[in-house]
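Novice: One structure, pasted below without further comment.
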Amino acid sequence: MPIYEFECGGCGHRFDRLQKMSDPDPTGCPQCAADQVQRKVSAPSFRLAGSGWYETDFKKDGDKKRNLAGDSAAPAPAPAPAPAPAPAPASSD
């Protein structure tokens, strides 16, 4: 269940509430009982970042883990071409 943040428009009191997505939002402020409560948009308390996210981190040691962050089927970049050999000096025979 997600945690939602609410703010009272009357007194400015902010509070969090753990509720189902289908539950109705509270209408009254728990501090002043005003009917001016609105849901706030807030950032989550965690961030999923980096290249270490696997299909599941709970597989057995023998099972192969797939990295979902990158495309393993992408071809590797081609190496740079080798420089051309220098021309041989002209001989004076």
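Residues are referred to by chain and number: the chain letter is A, B, ... according to the order shown in the structure tokens, the number counts from 1 in that chain, and ligands are numbered separately from 1 in the order shown.
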So that I can see what lies close to Gln38 (chain A), please list as a tab-separated table (two decimals) with N, CA and C atoms, in the first residue's frame the residues with an atom at most 12 Å from it, counting only C-alpha atoms and leaving out residues fewer than 4 positions away in the same chain.

Specialist:
chain	number	residue	atom	x	y	z
A	4	TYR	N	0.54	8.24	1.23
A	4	TYR	CA	0.18	9.51	0.62
A	4	TYR	C	0.42	10.65	1.61
A	5	GLU	N	0.76	11.82	1.08
A	5	GLU	CA	0.98	13.01	1.91
A	5	GLU	C	-0.19	13.96	1.68
A	6	PHE	N	-0.70	14.52	2.78
A	6	PHE	CA	-1.83	15.44	2.72
A	6	PHE	C	-1.47	16.72	3.44
A	7	GLU	N	-2.15	17.82	3.04
A	7	GLU	CA	-1.94	19.10	3.70
A	7	GLU	C	-3.29	19.79	3.89
A	8	CYS	N	-3.47	20.37	5.05
A	8	CYS	CA	-4.70	21.11	5.35
A	8	CYS	C	-4.55	22.54	4.84
A	9	GLY	N	-5.55	22.99	4.08
A	9	GLY	CA	-5.54	24.36	3.58
A	9	GLY	C	-5.86	25.38	4.65
A	10	GLY	N	-6.48	24.94	5.75
A	10	GLY	CA	-6.86	25.86	6.82
A	10	GLY	C	-5.71	26.18	7.76
A	12	GLY	N	-2.50	24.44	7.57
A	12	GLY	CA	-1.19	24.13	7.01
A	12	GLY	C	-0.57	22.84	7.55
A	13	HIS	N	-1.32	22.09	8.36
A	13	HIS	CA	-0.81	20.84	8.94
A	13	HIS	C	-0.60	19.82	7.83
A	14	ARG	N	0.58	19.17	7.82
A	14	ARG	CA	0.90	18.12	6.85
A	14	ARG	C	0.95	16.79	7.58
A	15	PHE	N	0.40	15.77	6.93
A	15	PHE	CA	0.43	14.43	7.53
A	15	PHE	C	0.45	13.39	6.43
A	16	ASP	N	0.95	12.20	6.77
A	16	ASP	CA	1.02	11.07	5.86
A	16	ASP	C	-0.03	10.05	6.24
A	24	PRO	N	-10.90	6.27	-0.18
A	24	PRO	CA	-11.10	7.71	-0.38
A	24	PRO	C	-10.11	8.52	0.47
A	25	ASP	N	-9.74	9.68	-0.03
A	25	ASP	CA	-8.85	10.56	0.73
A	25	ASP	C	-9.58	11.12	1.94
A	26	PRO	N	-8.85	11.43	3.01
A	26	PRO	CA	-9.50	12.02	4.17
A	26	PRO	C	-10.02	13.42	3.83
A	27	THR	N	-11.13	13.79	4.44
A	27	THR	CA	-11.70	15.11	4.17
A	27	THR	C	-11.43	16.08	5.31
A	28	GLY	N	-11.30	15.59	6.53
A	28	GLY	CA	-11.09	16.47	7.68
A	28	GLY	C	-9.66	16.41	8.18
A	29	CYS	N	-9.16	17.56	8.60
A	29	CYS	CA	-7.81	17.65	9.16
A	29	CYS	C	-7.79	17.03	10.56
A	34	ALA	N	-10.80	20.99	9.97
A	34	ALA	CA	-11.30	21.73	8.81
A	34	ALA	C	-11.42	20.78	7.62

Novice: Record the distance separating CA of Lys20 (chain A) and CA of Met1 (chain A), expressed in Å with one decimal.

Specialist: 5.4 Å

Novice: Kindly give the distance, in Å, that separates CA of Gln19 (chain A) and CA of Cys32 (chain A), rounded to a single decimal.

Specialist: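 A separation of 21.2 Å between them.
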